[in-house]
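Shown below: start-v7.cif, with mmCIF, C-alpha atoms.
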data_model
#
loop_
_atom_site.label_atom_id
_atom_site.label_comp_id
_atom_site.auth_asym_id
_atom_site.auth_seq_id
_atom_site.Cartn_x
_atom_site.Cartn_y
_atom_site.Cartn_z
CA MET A 15 44.45 124.14 59.91
CA THR A 16 42.50 127.33 60.61
CA ALA A 17 39.88 127.65 63.34
CA VAL A 18 37.07 127.69 60.77
CA GLU A 19 38.43 124.58 59.02
CA PHE A 20 38.58 122.86 62.40
CA LEU A 21 35.00 123.86 63.28
CA ASN A 22 33.82 122.62 59.90
CA THR A 23 35.10 119.14 60.78
CA LEU A 24 32.61 119.14 63.67
CA ILE A 25 29.59 119.94 61.51
CA PRO A 26 28.21 117.11 59.40
CA THR A 27 26.15 119.13 56.87
CA THR A 28 27.81 121.38 54.28
CA LEU A 29 24.87 123.79 54.42
CA GLU A 30 25.92 125.01 57.85
CA LYS A 31 29.59 125.45 57.12
CA LYS A 32 29.39 129.24 56.70
CA PHE A 33 30.82 130.39 60.02
CA PRO A 34 29.11 133.62 61.18
CA LEU A 35 32.11 135.24 62.90
CA GLU A 36 35.59 136.31 61.90
CA PHE A 37 38.63 135.16 63.85
CA GLN A 38 41.54 137.51 64.51
CA VAL A 39 45.12 136.30 64.26
CA LYS A 40 47.76 136.98 66.90
CA GLN A 41 51.42 136.07 67.37
CA LEU A 42 52.46 135.28 70.95
CA ARG A 43 55.85 135.01 72.61
CA LYS A 44 56.91 132.12 74.83
CA GLY A 45 55.80 132.68 78.44
CA GLU A 46 53.01 135.10 77.59
CA ILE A 47 50.00 135.02 79.94
CA LEU A 48 46.72 135.06 78.03
CA THR A 49 44.51 134.84 81.12
CA ASN A 50 45.79 135.37 84.63
CA TYR A 51 44.49 133.99 87.94
CA GLY A 52 41.55 136.15 89.03
CA GLU A 53 40.89 137.59 85.59
CA VAL A 54 37.57 137.11 83.80
CA GLU A 55 37.95 135.28 80.46
CA LYS A 56 37.09 137.51 77.51
CA ARG A 57 38.37 135.43 74.58
CA ILE A 58 38.57 131.92 73.22
CA TYR A 59 41.73 130.93 71.32
CA PHE A 60 42.42 128.43 68.57
CA ILE A 61 46.05 127.27 68.42
CA LYS A 62 47.55 127.27 64.93
CA LYS A 63 51.15 126.87 66.10
CA GLY A 64 52.69 126.32 69.51
CA ILE A 65 51.72 124.91 72.90
CA ILE A 66 49.69 126.49 75.69
CA GLU A 67 49.33 125.30 79.27
CA LEU A 68 46.52 125.62 81.80
CA THR A 69 47.63 125.81 85.45
CA ILE A 70 45.95 126.09 88.86
CA LEU A 71 47.31 127.00 92.30
CA ALA A 72 47.15 124.49 95.15
CA GLY A 73 48.27 126.71 97.99
CA SER A 74 51.63 128.05 96.78
CA GLU A 75 52.20 125.14 94.42
CA GLU A 76 51.28 125.47 90.75
CA LYS A 77 49.70 122.38 89.21
CA ILE A 78 49.37 121.79 85.48
CA ILE A 79 45.83 120.95 84.39
CA ASP A 80 46.59 120.35 80.74
CA PHE A 81 48.68 121.14 77.67
CA PHE A 82 47.00 122.33 74.49
CA PHE A 83 48.54 121.68 71.07
CA PRO A 84 47.76 122.94 67.51
CA ASN A 85 44.23 122.43 66.19
CA SER A 86 42.55 122.84 69.55
CA PHE A 87 40.62 125.55 71.32
CA VAL A 88 41.79 126.82 74.68
CA CYS A 89 40.90 129.46 77.26
CA SER A 90 39.74 129.51 80.88
CA TYR A 91 36.53 127.97 79.57
CA THR A 92 34.66 127.88 82.89
CA SER A 93 35.27 131.62 83.30
CA PHE A 94 34.37 132.16 79.62
CA ILE A 95 31.01 130.46 80.31
CA ASN A 96 30.03 131.96 83.66
CA GLN A 97 32.08 135.21 83.61
CA GLN A 98 33.36 134.57 87.12
CA LYS A 99 37.01 135.18 88.01
CA SER A 100 39.26 132.49 86.58
CA ASP A 101 40.96 130.12 89.02
CA VAL A 102 43.25 128.94 86.24
CA GLN A 103 45.99 130.61 84.24
CA VAL A 104 46.43 130.29 80.46
CA ARG A 105 50.05 130.71 79.32
CA THR A 106 52.14 129.96 76.23
CA ILE A 107 55.10 127.64 76.77
CA VAL A 108 56.64 128.24 73.33
CA ASP A 109 56.08 130.96 70.69
CA CYS A 110 52.54 130.56 69.36
CA GLU A 111 50.25 131.66 66.57
CA VAL A 112 46.60 131.77 67.60
CA GLU A 113 43.27 132.86 66.19
CA TYR A 114 40.72 134.19 68.64
CA LEU A 115 37.15 135.37 69.10
CA ASN A 116 35.93 137.84 71.70
CA ARG A 117 33.27 136.57 74.11
CA PHE A 118 30.85 139.42 73.37
CA GLU A 119 30.82 138.48 69.66
CA VAL A 120 30.23 134.82 70.50
CA GLN A 121 27.38 135.67 72.89
CA ALA A 122 25.74 137.98 70.34
CA ALA A 123 25.91 135.19 67.75
CA TYR A 124 24.42 132.70 70.27
CA ASP A 125 21.40 135.01 70.58
CA GLN A 126 20.67 134.90 66.85
CA SER A 127 22.23 132.03 65.01
CA MET A 128 21.23 128.37 65.08
CA THR A 129 24.51 127.46 63.35
CA MET A 130 26.46 129.24 66.07
CA ASN A 131 24.53 127.43 68.82
CA LYS A 132 25.12 124.14 67.05
CA ILE A 133 28.86 124.84 66.71
CA GLY A 134 29.00 125.98 70.34
CA ARG A 135 27.28 122.79 71.43
CA LEU A 136 29.50 120.53 69.31
CA LEU A 137 32.68 122.28 70.49
CA THR A 138 31.60 122.13 74.13
CA GLU A 139 30.83 118.42 73.68
CA GLN A 140 34.40 117.91 72.41
CA MET A 141 35.80 119.87 75.35
CA TYR A 142 33.64 117.81 77.71
CA ILE A 143 35.02 114.59 76.23
CA MET A 144 38.61 115.86 76.66
CA LYS A 145 37.98 116.68 80.31
CA SER A 146 36.22 113.39 80.84
CA ASP A 147 39.06 111.43 79.17
CA ARG A 148 41.64 113.12 81.36
CA GLU A 149 39.61 112.29 84.49
CA LYS A 150 39.35 108.66 83.42
CA ASP A 151 43.09 108.54 82.68
CA PHE A 152 43.85 109.80 86.18
CA LEU A 153 41.58 107.19 87.75
CA THR A 154 42.70 104.21 85.68
CA LYS A 155 46.22 104.71 84.27
CA SER A 156 49.73 104.92 85.70
CA ALA A 157 51.95 107.97 85.12
CA GLU A 158 54.10 105.82 82.79
CA THR A 159 51.11 104.85 80.62
CA ARG A 160 49.91 108.44 80.50
CA TYR A 161 53.40 109.61 79.46
CA LEU A 162 53.62 106.99 76.71
CA GLU A 163 50.21 108.01 75.39
CA LEU A 164 51.21 111.67 75.44
CA ILE A 165 54.31 111.10 73.31
CA GLU A 166 52.40 108.72 71.04
CA LYS A 167 49.66 111.30 70.43
CA LYS A 168 51.76 114.46 70.27
CA GLY A 169 55.16 113.12 69.16
CA GLU A 170 57.76 115.76 68.39
CA LEU A 171 55.77 118.52 70.08
CA VAL A 172 56.21 116.99 73.52
CA LYS A 173 59.98 117.54 73.17
CA LEU A 174 59.31 121.29 73.25
CA VAL A 175 57.72 121.07 76.72
CA PRO A 176 60.25 121.41 79.58
CA VAL A 177 60.70 118.07 81.35
CA ASN A 178 59.84 119.48 84.79
CA ARG A 179 56.51 120.70 83.42
CA ILE A 180 55.68 117.30 81.95
CA ALA A 181 56.45 115.73 85.34
CA ARG A 182 54.17 118.24 87.02
CA TYR A 183 51.44 117.50 84.48
CA LEU A 184 51.75 113.77 85.21
CA GLY A 185 51.73 114.46 88.95
CA ILE A 186 55.12 112.82 89.57
CA HIS A 187 58.63 113.92 90.57
CA PRO A 188 61.02 114.90 87.74
CA GLU A 189 63.32 112.04 88.85
CA SER A 190 60.50 109.52 88.38
CA LEU A 191 59.94 110.88 84.87
CA SER A 192 63.68 110.53 84.13
CA ARG A 193 63.46 106.88 85.18
CA ILE A 194 60.46 106.34 82.90
CA ARG A 195 62.23 108.04 79.98
CA LYS A 196 65.37 105.89 80.48
CA SER A 197 63.36 102.67 80.67
CA ILE A 198 61.70 103.55 77.34
CA SER A 199 64.80 104.44 75.36
CA MET B 7 11.74 120.10 90.05
CA THR B 8 10.98 118.58 86.64
CA ALA B 9 13.54 118.30 83.84
CA VAL B 10 11.81 121.05 81.87
CA GLU B 11 11.73 123.37 84.90
CA PHE B 12 15.43 122.72 85.38
CA LEU B 13 16.24 123.43 81.71
CA ASN B 14 14.22 126.65 81.90
CA THR B 15 16.55 127.89 84.64
CA LEU B 16 19.40 127.67 82.10
CA ILE B 17 17.65 129.83 79.49
CA PRO B 18 17.57 133.55 80.14
CA THR B 19 14.76 134.55 77.76
CA THR B 20 11.13 133.50 78.41
CA LEU B 21 10.48 133.33 74.66
CA GLU B 22 12.55 130.17 74.35
CA LYS B 23 11.12 128.34 77.32
CA LYS B 24 8.83 126.08 75.25
CA PHE B 25 10.80 122.85 75.33
CA PRO B 26 10.39 120.93 72.04
CA LEU B 27 10.51 117.37 73.45
CA GLU B 28 8.55 115.36 75.97
CA PHE B 29 10.30 113.57 78.82
CA GLN B 30 9.14 110.11 79.92
CA VAL B 31 9.00 109.23 83.61
CA LYS B 32 10.43 106.03 85.07
CA GLN B 33 10.71 104.52 88.54
CA LEU B 34 13.94 102.65 89.25
CA ARG B 35 14.94 100.22 91.99
CA LYS B 36 18.15 100.50 94.01
CA GLY B 37 21.06 98.81 92.23
CA GLU B 38 19.54 99.04 88.76
CA ILE B 39 22.05 99.44 85.90
CA LEU B 40 20.95 102.10 83.43
CA THR B 41 24.02 101.80 81.20
CA ASN B 42 26.48 98.95 81.45
CA TYR B 43 30.19 98.84 80.55
CA GLY B 44 30.46 98.32 76.79
CA GLU B 45 26.93 99.47 76.04
CA VAL B 46 26.21 102.46 73.78
CA GLU B 47 24.29 105.24 75.58
CA LYS B 48 20.79 105.67 74.16
CA ARG B 49 19.20 107.95 76.77
CA ILE B 50 19.83 110.94 78.97
CA TYR B 51 18.25 110.98 82.43
CA PHE B 52 17.13 113.75 84.75
CA ILE B 53 17.01 112.73 88.43
CA LYS B 54 13.83 113.76 90.24
CA LYS B 55 14.44 111.57 93.29
CA GLY B 56 17.35 109.39 94.34
CA ILE B 57 21.07 109.08 93.71
CA ILE B 58 22.94 107.62 90.73
CA GLU B 59 26.62 106.76 90.48
CA LEU B 60 29.05 106.67 87.56
CA THR B 61 31.83 104.10 87.82
CA ILE B 62 34.82 102.99 85.74
CA LEU B 63 37.02 99.90 85.85
CA ALA B 64 40.74 100.21 86.58
CA GLY B 65 41.81 96.61 85.94
CA SER B 66 39.55 94.62 88.25
CA GLU B 67 38.96 97.53 90.62
CA GLU B 68 35.86 99.67 90.23
CA LYS B 69 36.43 103.41 90.75
CA ILE B 70 33.66 105.91 91.37
CA ILE B 71 33.75 108.87 89.00
CA ASP B 72 30.86 110.78 90.53
CA PHE B 73 27.53 110.75 92.36
CA PHE B 74 24.50 112.47 90.83
CA PHE B 75 21.72 113.88 92.99
CA PRO B 76 18.21 115.27 92.25
CA ASN B 77 17.93 118.13 89.75
CA SER B 78 20.81 116.97 87.62
CA PHE B 79 21.21 115.21 84.30
CA VAL B 80 23.18 112.00 84.09
CA CYS B 81 24.14 109.32 81.58
CA SER B 82 27.34 108.02 80.00
CA TYR B 83 27.55 111.40 78.30
CA THR B 84 30.70 110.71 76.27
CA SER B 85 29.01 107.63 74.78
CA PHE B 86 25.78 109.64 74.31
CA ILE B 87 27.79 112.17 72.27
CA ASN B 88 29.99 109.91 70.14
CA GLN B 89 27.93 106.67 70.20
CA GLN B 90 31.01 104.62 71.03
CA LYS B 91 30.86 101.85 73.65
CA SER B 92 30.67 103.27 77.15
CA ASP B 93 33.68 102.74 79.43
CA VAL B 94 31.59 103.82 82.41
CA GLN B 95 28.60 102.29 84.15
CA VAL B 96 25.51 104.24 85.27
CA ARG B 97 23.76 102.67 88.28
CA THR B 98 21.21 103.69 90.91
CA ILE B 99 22.37 103.47 94.52
CA VAL B 100 18.92 104.06 96.05
CA ASP B 101 15.38 103.86 94.59
CA CYS B 102 15.04 106.65 92.03
CA GLU B 103 12.51 108.53 89.97
CA VAL B 104 13.91 109.80 86.69
CA GLU B 105 12.70 111.52 83.54
CA TYR B 106 14.47 110.66 80.31
CA LEU B 107 14.82 111.47 76.64
CA ASN B 108 15.95 109.07 73.92
CA ARG B 109 19.04 110.07 71.97
CA PHE B 110 17.35 109.75 68.58
CA GLU B 111 14.72 112.34 69.63
CA VAL B 112 17.41 114.70 70.90
CA GLN B 113 19.44 114.35 67.69
CA ALA B 114 16.37 114.96 65.50
CA ALA B 115 15.61 118.10 67.50
CA TYR B 116 19.24 119.26 67.15
CA ASP B 117 18.80 119.08 63.35
CA GLN B 118 15.85 121.47 63.38
CA SER B 119 15.54 123.58 66.48
CA MET B 120 17.64 126.56 67.52
CA THR B 121 16.13 126.37 71.03
CA MET B 122 17.19 122.74 71.33
CA ASN B 123 20.74 123.54 70.21
CA LYS B 124 20.87 126.39 72.69
CA ILE B 125 19.62 124.16 75.51
CA GLY B 126 22.05 121.42 74.47
CA ARG B 127 24.89 123.93 74.51
CA LEU B 128 23.92 125.41 77.89
CA LEU B 129 23.49 121.97 79.46
CA THR B 130 26.80 120.74 78.05
CA GLU B 131 28.46 123.90 79.40
CA GLN B 132 27.09 123.06 82.86
CA MET B 133 28.32 119.47 82.56
CA TYR B 134 31.72 120.78 81.45
CA ILE B 135 31.91 123.03 84.52
CA MET B 136 31.04 120.08 86.80
CA LYS B 137 33.80 117.95 85.26
CA SER B 138 36.23 120.83 85.41
CA ASP B 139 35.38 121.56 89.08
CA ARG B 140 35.93 117.94 90.02
CA GLU B 141 39.31 117.93 88.25
CA LYS B 142 40.34 121.10 90.09
CA ASP B 143 39.15 119.63 93.41
CA PHE B 144 41.33 116.57 92.86
CA LEU B 145 44.37 118.71 92.03
CA THR B 146 43.99 121.22 94.86
CA LYS B 147 41.95 119.80 97.79
CA SER B 148 42.50 117.11 100.39
CA ALA B 149 40.07 114.19 100.76
CA GLU B 150 38.86 115.75 104.04
CA THR B 151 38.03 119.08 102.37
CA ARG B 152 36.26 117.31 99.52
CA TYR B 153 34.23 115.25 102.02
CA LEU B 154 33.23 118.35 103.99
CA GLU B 155 32.15 120.10 100.80
CA LEU B 156 30.14 117.06 99.73
CA ILE B 157 28.13 116.97 102.97
CA GLU B 158 27.77 120.73 102.95
CA LYS B 159 26.36 120.71 99.41
CA LYS B 160 24.26 117.56 99.55
CA GLY B 161 23.46 117.30 103.28
CA GLU B 162 21.04 114.55 104.24
CA LEU B 163 21.36 112.83 100.86
CA VAL B 164 24.96 111.85 101.49
CA LYS B 165 23.79 109.71 104.42
CA LEU B 166 22.02 107.46 101.91
CA VAL B 167 25.29 106.62 100.14
CA PRO B 168 27.11 103.60 101.64
CA VAL B 169 30.26 104.74 103.47
CA ASN B 170 32.57 102.44 101.49
CA ARG B 171 31.32 104.04 98.25
CA ILE B 172 31.99 107.55 99.55
CA ALA B 173 35.52 106.46 100.48
CA ARG B 174 36.00 105.04 96.99
CA TYR B 175 34.69 108.28 95.48
CA LEU B 176 37.18 110.29 97.57
CA GLY B 177 39.97 107.89 96.60
CA ILE B 178 40.79 106.94 100.21
CA HIS B 179 40.50 103.87 102.44
CA PRO B 180 37.22 103.43 104.38
CA GLU B 181 39.25 103.62 107.63
CA SER B 182 40.61 107.04 106.64
CA LEU B 183 37.05 108.20 106.01
CA SER B 184 36.00 106.92 109.46
CA ARG B 185 38.81 108.97 111.01
CA ILE B 186 37.66 112.07 109.12
CA ARG B 187 34.04 111.52 110.18
CA LYS B 188 35.07 111.09 113.84
CA SER B 189 37.21 114.22 113.81
CA ILE B 190 34.23 116.21 112.48
CA SER B 191 31.57 115.02 114.93
#
Output the structure of this file as structure tokens.
Amino acid sequence: MTAVEFLNTLIPTTLEKKFPLEFQVKQLRKGEILTNYGEVEKRIYFIKKGIIELTILAGSEEKIIDFFFPNSFVCSYTSFINQQKSDVQVRTIVDCEVEYLNRFEVQAAYDQSMTMNKIGRLLTEQMYIMKSDREKDFLTKSAETRYLELIEKKGELVKLVPVNRIARYLGIHPESLSRIRKSIS
Amino acid sequence: MTAVEFLNTLIPTTLEKKFPLEFQVKQLRKGEILTNYGEVEKRIYFIKKGIIELTILAGSEEKIIDFFFPNSFVCSYTSFINQQKSDVQVRTIVDCEVEYLNRFEVQAAYDQSMTMNKIGRLLTEQMYIMKSDREKDFLTKSAETRYLELIEKKGELVKLVPVNRIARYLGIHPESLSRIRKSIS
């Protein structure tokens, strides 16, 4: 799915499906940093292929905020919104193909286009729901349940994520994840 | 501050400051449930006075997602967006004065008005940042740091929240919170 096809799924009326901006395509290598700690976010990416992770530093320890899979938008979105320095890092964990828009184009379109404001609102609503769901999962579900849901939702793709990074994402020790994986299989 | 005054702070250009909808005012008693578990969210509230909490059930235990103070919008926003049953409860913890809009009015305005879509986008961006900040706080800060930041930001208002609810919000035992409070004073 392309970024425009994805955005069209958000918009209920066909009249507004003409997207006012053009995405650029980019190939990325595994381990490439799209946005570093302290950098201001200048782009928003749509993942066509691959997996991208969002991390944050807690002292010297790196914590994983989330993984992003194909057909989703990703960037340091807080920094993209307020143009403050990013406290998160955006990094590919396998080779990726992405489409992206530059922030200045998006902002210019927000000044003029109702469609663009509607799309921006609908996309931000989806990103809000994702954040909200993850918060609720943390408050109400065990690491085992969250792991099972991750492999149920993302299937084969999860196998491409190094086990120690999945453990870090779940907030548990790699040995605890091994135990969970054994008890499942 | 009124809801419209607050929304005007989000919009940079004076031209767009004519808000297309009219808020209704309501007085609420302490302990009033605005949105119950399983209900579909029909309104969005702006807090003029008072404090409102958002809770979620983890089995039989109620967890506190967040407190909302004056000059902020609150509702079961995920349910407001997707009109699915709410898995959170919205409840006053002191007497409150709120302004609110009905969802059907907001949706009708989204169909027609660029200003309304822009405001909706900007407000959702702010709500996204709040959610994102809270997630980062959880991943990187101790309960003590989060408590200190809460009283620094909200000052006198925090004293109106029952201590056991603050402890629940921080995810610690009430006794641990007492220890933190003693070590501060």
Applying the PyMOL selection byres ((chain B) within 9 of (chain A)) to the file I just gave you, which residues come out? Please list them as number ranges by chain. B: 62-65, 69-71, 83-84, 87, 116-121, 123-135, 137-142, 145-147
Separation of CA of Tyr51 in chain A from CA of Thr16 in chain A in Å: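 Calculated distance between CA of Thr16 in chain A and CA of Tyr51 in chain A is 28.2 Å.
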Counting all atoms listed in the file, give me one row per residue of range 20-98 of chain B with an atom at most 10 Å from an atom of range 162-169 of chain B, showing the shortest contact pair and its distance in Å to one decimal, sorted by chain then residue number, as a Markdown table.
| residue | atom | partner | partner_atom | distance |
| --- | --- | --- | --- | --- |
| B:Gly56 | CA | B:Leu163 | CA | 8.4 |
| B:Ile57 | CA | B:Val167 | CA | 8.1 |
| B:Ile58 | CA | B:Val167 | CA | 9.8 |
| B:Glu59 | CA | B:Val167 | CA | 9.8 |
| B:Phe73 | CA | B:Val167 | CA | 9.1 |
| B:Phe75 | CA | B:Leu163 | CA | 7.9 |
| B:Pro76 | CA | B:Leu163 | CA | 9.5 |
Just give me the gap between CA of Ser100 in chain A and CA of Tyr183 in chain A in Å, one decimal is fine.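 These atoms are spaced 19.4 Å apart.
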note - CA of Leu60 in chain B and CA of Leu156 in chain B are separated by 16.0 Å
Matched chain/residue IDs from the PyMOL selection byres ((chain A and resi 61) around 6), as an MDAnalysis selection string: chainID A and resid 60 62:63 84:86 112
Which residues match the PyMOL selection byres ((chain B and resi 31-39) around 8) in the file above, as a PyMOL selection string? chain B and resi 29-30+40-42+95-106
All residues 10 Å or closer to Tyr161 in chain A, all atoms listed in the file, same chain fewer than 2 positions away omitted, as a list in words: Lys155, Ser156, Ala157, Glu158, Thr159, Glu163, Leu164, Ile165, Glu166, Lys167, Val172, Ile180, Ala181, Tyr183, Leu184, Leu191, Ile194 and Arg195 of chain A
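Minimum atom-to-atom distance to Lys56 in chain A, evaluated using only C-alpha atoms, belongs to A:Gln97 out of A:Leu24, A:Phe87, A:Gln97, A:Ala17.
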